[in-house]
file coords.txt (compact mmCIF, C-alpha atoms)
# COMPACT_ATOMS: atom_id res chain seq x y z
CA MET M 1 85.31 200.65 73.72
CA ALA M 2 81.83 201.26 72.33
CA GLU M 3 79.00 199.41 74.04
CA ARG M 4 77.19 196.80 71.98
CA LEU M 5 73.40 196.79 71.78
CA LEU M 6 71.06 194.21 70.27
CA ILE M 7 67.66 195.30 68.96
CA ILE M 8 65.09 192.50 68.59
CA ASP M 9 62.10 193.99 66.74
CA ASP M 10 60.29 192.99 63.55
CA ASP M 11 59.33 196.59 62.73
CA ALA M 12 62.12 197.17 60.22
CA ARG M 13 61.48 200.90 59.86
CA LEU M 14 61.49 201.54 63.61
CA ALA M 15 64.50 199.30 64.22
CA ALA M 16 66.47 201.07 61.48
CA MET M 17 65.60 204.49 62.89
CA VAL M 18 66.59 203.48 66.42
CA SER M 19 69.74 201.78 65.17
CA ASP M 20 70.85 204.86 63.23
CA TYR M 21 70.20 207.14 66.21
CA LEU M 22 72.06 204.94 68.70
CA THR M 23 74.93 204.37 66.27
CA ALA M 24 75.30 208.15 65.92
CA ALA M 25 75.37 208.32 69.72
CA GLY M 26 78.41 206.05 69.79
CA PHE M 27 76.92 202.58 70.28
CA VAL M 28 77.57 199.49 68.17
CA VAL M 29 74.14 198.18 67.20
CA GLU M 30 72.93 194.92 65.69
CA ARG M 31 69.35 194.17 64.66
CA ARG M 32 67.33 190.96 64.55
CA SER M 33 63.69 190.66 63.50
CA THR M 34 62.58 187.49 65.33
CA GLY M 35 62.96 186.07 68.80
CA ARG M 36 64.89 183.03 67.61
CA GLU M 37 67.30 185.17 65.60
CA GLY M 38 67.82 187.40 68.64
CA LEU M 39 68.59 184.47 70.93
CA ALA M 40 70.99 183.04 68.35
CA ALA M 41 72.79 186.39 68.20
CA LEU M 42 73.12 186.40 71.98
CA ASP M 43 74.55 182.88 71.88
CA GLY M 44 77.17 183.96 69.39
CA ALA M 45 78.33 187.30 70.80
CA ALA M 46 78.41 189.42 73.95
CA PHE M 47 76.08 192.42 74.17
CA ASP M 48 75.93 195.10 76.84
CA ALA M 49 72.13 195.50 76.61
CA VAL M 50 69.11 194.24 74.68
CA ILE M 51 66.19 196.31 73.33
CA LEU M 52 63.37 193.79 73.06
CA ASP M 53 59.92 194.22 71.52
CA VAL M 54 57.02 192.36 73.12
CA MET M 55 55.28 191.55 69.83
CA LEU M 56 57.47 189.33 67.64
CA PRO M 57 56.41 187.11 64.72
CA ASP M 58 57.61 183.78 66.14
CA ILE M 59 57.96 183.73 69.93
CA ASP M 60 56.84 186.70 71.97
CA GLY M 61 59.20 189.03 73.75
CA PHE M 62 58.23 187.75 77.18
CA GLU M 63 59.45 184.27 76.30
CA VAL M 64 62.64 185.71 74.83
CA CYS M 65 63.18 187.67 78.04
CA ARG M 66 62.67 184.54 80.16
CA THR M 67 65.16 182.64 78.03
CA ILE M 68 67.77 185.39 78.25
CA ARG M 69 67.39 185.44 82.03
CA THR M 70 68.19 181.74 82.26
CA ARG M 71 71.51 182.41 80.52
CA ALA M 72 72.73 185.86 81.55
CA GLU M 73 72.03 189.07 83.44
CA THR M 74 72.32 191.26 80.34
CA PRO M 75 70.23 194.42 80.89
CA ILE M 76 66.93 194.27 78.97
CA LEU M 77 64.72 197.18 77.96
CA MET M 78 61.33 196.00 76.69
CA LEU M 79 59.20 197.87 74.17
CA THR M 80 55.40 197.64 74.50
CA ALA M 81 52.99 198.63 71.75
CA ARG M 82 50.49 200.41 73.97
CA GLY M 83 52.30 200.75 77.25
CA GLU M 84 49.59 198.72 78.95
CA GLU M 85 50.18 198.20 82.66
CA MET M 86 49.90 194.41 82.45
CA ASP M 87 52.60 194.23 79.75
CA ARG M 88 54.90 196.28 81.94
CA ILE M 89 54.22 194.24 85.06
CA VAL M 90 54.77 190.93 83.28
CA GLY M 91 57.98 192.18 81.72
CA LEU M 92 59.38 193.33 85.05
CA GLU M 93 58.33 190.15 86.82
CA ILE M 94 60.21 187.94 84.37
CA GLY M 95 63.41 189.96 84.57
CA ALA M 96 63.30 193.04 82.32
CA ASP M 97 65.20 196.01 83.74
CA ASP M 98 63.03 198.72 82.21
CA TYR M 99 60.25 199.26 79.67
CA LEU M 100 59.23 201.92 77.18
CA ALA M 101 55.88 202.37 75.46
CA LYS M 102 55.58 202.97 71.74
CA PRO M 103 55.61 205.55 70.30
CA PHE M 104 58.70 206.92 72.02
CA SER M 105 61.38 209.48 71.29
CA PRO M 106 64.86 208.19 70.39
CA ARG M 107 66.24 210.61 72.95
CA GLU M 108 64.24 208.99 75.76
CA LEU M 109 65.26 205.54 74.57
CA GLN M 110 68.92 206.54 74.63
CA ALA M 111 68.54 207.98 78.15
CA ARG M 112 66.96 204.77 79.42
CA ILE M 113 69.60 202.60 77.76
CA ARG M 114 72.36 204.66 79.34
CA ALA M 115 70.63 204.37 82.73
CA ILE M 116 70.46 200.56 82.66
CA LEU M 117 74.04 200.38 81.40
CA ARG M 118 75.19 202.58 84.30
CA ARG M 119 73.44 200.31 86.75
CA GLY M 120 74.96 197.24 85.11
CA ARG M 121 78.52 198.50 85.32
CA ALA M 122 78.23 200.61 88.46
CA ALA M 123 81.56 200.80 90.22
CA VAL M 124 80.97 199.55 93.70
CA SER M 125 83.47 198.82 96.41
CA GLY M 126 83.81 197.87 100.05
CA ARG M 127 83.04 194.75 102.00
CA ALA M 128 79.78 192.87 101.76
CA LEU M 129 76.82 194.18 103.68
CA ARG M 130 75.72 191.51 106.14
CA PHE M 131 72.37 191.25 107.85
CA GLY M 132 72.20 187.96 109.70
CA ARG M 133 71.74 185.23 107.09
CA LEU M 134 71.74 187.75 104.21
CA ALA M 135 74.93 189.01 102.51
CA ILE M 136 74.95 191.70 99.82
CA ASP M 137 78.34 191.90 98.12
CA ARG M 138 78.64 195.22 96.34
CA GLU M 139 81.96 194.33 94.71
CA SER M 140 80.82 191.12 93.02
CA ARG M 141 77.18 192.29 92.86
CA THR M 142 75.93 189.06 94.38
CA VAL M 143 73.31 188.32 97.02
CA ARG M 144 73.49 185.25 99.23
CA LEU M 145 71.04 183.85 101.74
CA ASP M 146 72.49 181.19 104.03
CA GLY M 147 75.44 181.04 101.62
CA GLU M 148 73.24 180.29 98.59
CA GLU M 149 73.48 182.81 95.76
CA LYS M 150 70.17 184.36 94.73
CA THR M 151 69.42 185.59 91.23
CA LEU M 152 68.45 189.26 90.83
CA THR M 153 68.54 191.55 87.83
CA SER M 154 70.99 194.45 87.84
CA TYR M 155 68.15 196.84 88.65
CA GLN M 156 66.89 194.66 91.50
CA PHE M 157 70.39 194.39 92.99
CA ASP M 158 70.72 198.18 92.97
CA LEU M 159 67.28 198.55 94.54
CA LEU M 160 68.12 196.05 97.29
CA ALA M 161 71.47 197.76 97.91
CA ALA M 162 69.75 201.15 98.18
CA LEU M 163 67.33 199.75 100.76
CA ALA M 164 70.14 198.05 102.68
CA ASP M 165 72.27 201.21 102.65
CA ASN M 166 69.35 202.97 104.33
CA ALA M 167 68.41 200.13 106.70
CA GLY M 168 65.93 201.26 109.31
CA ARG M 169 64.76 204.25 107.27
CA VAL M 170 61.43 204.37 105.44
CA LEU M 171 61.94 205.16 101.74
CA ASN M 172 59.04 206.08 99.49
CA ARG M 173 58.85 205.06 95.83
CA GLU M 174 60.03 208.46 94.62
CA ARG M 175 63.14 208.34 96.80
CA LEU M 176 63.94 204.76 95.78
CA LEU M 177 63.70 205.57 92.09
CA ASP M 178 65.88 208.62 92.61
CA LEU M 179 68.52 206.50 94.40
CA VAL M 180 68.54 203.82 91.71
CA LYS M 181 67.80 205.65 88.48
CA GLY M 182 68.23 209.35 89.23
CA GLU M 183 64.81 210.08 87.70
CA GLU M 184 61.51 211.40 88.95
CA LEU M 185 58.79 208.79 89.36
CA ASP M 186 55.45 209.00 87.61
CA ALA M 187 52.81 209.21 90.35
CA PHE M 188 51.01 206.20 88.85
CA ASP M 189 54.10 204.11 88.21
CA ARG M 190 54.21 200.97 90.33
CA SER M 191 57.27 199.32 88.79
CA ILE M 192 59.09 199.60 92.13
CA ASP M 193 56.44 197.37 93.71
CA VAL M 194 57.01 194.67 91.09
CA HIS M 195 60.75 194.70 91.67
CA ILE M 196 60.28 194.60 95.46
CA SER M 197 58.07 191.55 95.00
CA ARG M 198 60.79 189.78 93.01
CA ILE M 199 63.45 190.68 95.60
CA ARG M 200 61.25 189.33 98.38
CA ALA M 201 60.78 186.09 96.45
CA ALA M 202 64.56 185.74 96.43
CA ILE M 203 65.50 186.69 99.99
CA GLU M 204 62.47 186.18 102.23
CA ASP M 205 61.57 182.85 103.82
CA ASP M 206 57.91 183.70 103.23
CA PRO M 207 57.53 186.45 100.61
CA LYS M 208 53.87 186.89 101.58
CA ARG M 209 54.93 187.70 105.14
CA PRO M 210 58.18 189.61 104.61
CA ARG M 211 60.42 190.26 107.59
CA ARG M 212 63.36 191.91 105.83
CA ILE M 213 61.73 194.38 103.42
CA ILE M 214 58.68 195.73 105.20
CA THR M 215 55.86 197.74 103.62
CA VAL M 216 54.92 200.81 105.60
CA ARG M 217 51.40 201.52 104.39
CA GLY M 218 51.08 204.92 102.78
CA ALA M 219 54.78 205.69 103.29
CA GLY M 220 56.98 203.24 101.40
CA TYR M 221 59.40 200.46 102.33
CA VAL M 222 61.89 199.90 105.11
CA PHE M 223 64.77 197.41 105.21
CA ALA M 224 64.87 195.77 108.64
CA LYS M 225 68.34 195.84 110.19
CA LYS M 226 67.59 192.68 112.17
CA GLN M 227 65.10 189.87 112.14
CA ASP M 228 63.97 188.06 115.26
CA GLY M 229 66.76 185.81 116.52
CA GLU M 230 69.56 187.57 114.66
CA PRO M 231 72.51 188.89 116.69
call {"tool": "encode", "arguments": {"input": "coords.txt", "output": "structure tokens"}}
result
Amino acid sequence: MAERLLIIDDDARLAAMVSDYLTAAGFVVERRSTGREGLAALDGAAFDAVILDVMLPDIDGFEVCRTIRTRAETPILMLTARGEEMDRIVGLEIGADDYLAKPFSPRELQARIRAILRRGRAAVSGRALRFGRLAIDRESRTVRLDGEEKTLTSYQFDLLAALADNAGRVLNRERLLDLVKGEELDAFDRSIDVHISRIRAAIEDDPKRPRRIITVRGAGYVFAKKQDGEP
């Protein structure tokens, strides 16, 4: 069955071009030109991913992204007009899975959409990974701390699972991105850091003094197999 995509962008020419390209690639695509219309579409139908512009005529894309995240974990790719770092950081912090700066090539957009869809439907199996109070269930794609389920995006779950699978090993940003996305990392890209911050907010008792995901200065991150007091 073809995967359904929702484009929320008021640039009619760009949205039509992207829609035609993705339709030719085998997707079923719907378009909406305002944030409210996009949210209404999501209320009325199931979509496999959302392509969301930051600049919309009624409510901005960040607010739309926040609203979507209160309702579902649908993968979101955000479009930014200038690719400014702050836009990207804000988008990732509020739950976007990826971002793309305008202008972009339809081919790159399609590659990024396929990547977030793969992460969203990744076939995972086996028992839950358990680290003391923390349980990472690869089958249900849930994370629990002291039995309480924590909310992570699809990308953040995959990033946490990659760290947990390599517990005790220091992984740099390039290796983490390769494990999660299968792509090379731009030397100046710090999106991994933003996602790590959000994961820490979910699973650490004190995100400012993390004891599970440790920063190794100049080297990367390491997932601690045990915390003090754990068996």
call {"tool": "residues_around", "arguments": {"input": "coords.txt", "residues": "M:Arg198", "least_positions_apart": "5", "cutoff": "9 Å", "atoms": "all atoms listed in the file", "output": "PDB file with C-alpha atoms, in the coordinates of the input"}}
result
ATOM      1  CA  LEU M  92      59.380 193.330  85.050  1.00  0.00           C
ATOM      2  CA  GLU M  93      58.330 190.150  86.820  1.00  0.00           C
ATOM      3  CA  ILE M  94      60.210 187.940  84.370  1.00  0.00           C
ATOM      4  CA  GLY M  95      63.410 189.960  84.570  1.00  0.00           C
ATOM      5  CA  LEU M 152      68.450 189.260  90.830  1.00  0.00           C
ATOM      6  CA  GLN M 156      66.890 194.660  91.500  1.00  0.00           C
ATOM      7  CA  ASP M 193      56.440 197.370  93.710  1.00  0.00           C
ATOM      8  CA  ILE M 203      65.500 186.690  99.990  1.00  0.00           C
ATOM      9  CA  PRO M 207      57.530 186.450 100.610  1.00  0.00           C
TER      10      PRO M 207
END
call {"tool": "residues_around", "arguments": {"input": "coords.txt", "residues": "stretch 161-177 of chain M", "least_positions_apart": "2", "cutoff": "6 Å", "atoms": "all atoms listed in the file", "output": "list in words"}}
result
Asp158, Leu159, Leu179, Val180, Lys181, Leu185, Ala219, Gly220, Tyr221, Val222, Phe223, Ala224 and Lys225 of chain M
call {"tool": "residues_near_point", "arguments": {"input": "coords.txt", "point": "(71.5, 196.0, 88.0)", "cutoff": "10 Å", "atoms": "all atoms listed in the file", "output": "PyMOL selection string"}}
result
chain M and resi 73-75+97+115-122+141+152-160+180
call {"tool": "closest_residue", "arguments": {"input": "coords.txt", "among": "M:Leu42, M:Ala135, M:Pro57, M:Leu22", "to": "M:Leu109", "atoms": "all atoms listed in the file"}}
result
M:Leu22
call {"tool": "residues_around", "arguments": {"input": "coords.txt", "residues": "M:Leu56", "least_positions_apart": "4", "cutoff": "8 Å", "atoms": "all atoms listed in the file", "output": "list of chain:residue names"}}
result
M:Asp9, M:Asp10, M:Ser33, M:Thr34, M:Gly35, M:Asp60, M:Gly61
call {"tool": "atom_distance", "arguments": {"input": "coords.txt", "atom1": "atom CA of M:Arg66", "atom2": "atom CA of M:Val54"}}
result
11.9 Å
call {"tool": "closest_residue", "arguments": {"input": "coords.txt", "among": "M:Ala111, M:Ala72, M:Leu77, M:Ile7", "to": "M:Ala25", "atoms": "all atoms listed in the file"}}
result
M:Ala111
call {"tool": "atom_distance", "arguments": {"input": "coords.txt", "atom1": "atom CA of M:Arg4", "atom2": "atom CA of M:Ala49"}}
result
7.0 Å
call {"tool": "residues_around", "arguments": {"input": "coords.txt", "residues": "M:Met17", "least_positions_apart": "2", "cutoff": "12 Å", "atoms": "all atoms listed in the file", "output": "PyMOL selection string"}}
result
chain M and resi 7+9+11-15+19-24+29+31+104-107+109
call {"tool": "atom_distance", "arguments": {"input": "coords.txt", "atom1": "atom CA of M:Ile213", "atom2": "atom CA of M:Ser191"}}
result
16.1 Å
call {"tool": "closest_residue", "arguments": {"input": "coords.txt", "among": "M:Lys226, M:Val216, M:Glu63, M:Leu39", "to": "M:Arg133", "atoms": "all atoms listed in the file"}}
result
M:Lys226
call {"tool": "closest_residue", "arguments": {"input": "coords.txt", "among": "M:Arg71, M:Gly147, M:Glu37, M:Arg212", "to": "M:Phe131", "atoms": "only C-alpha atoms"}}
result
M:Arg212
call {"tool": "closest_residue", "arguments": {"input": "coords.txt", "among": "M:Ile8, M:Ala2, M:Ile51, M:Ala201", "to": "M:Gln110", "atoms": "all atoms listed in the file"}}
result
M:Ile51
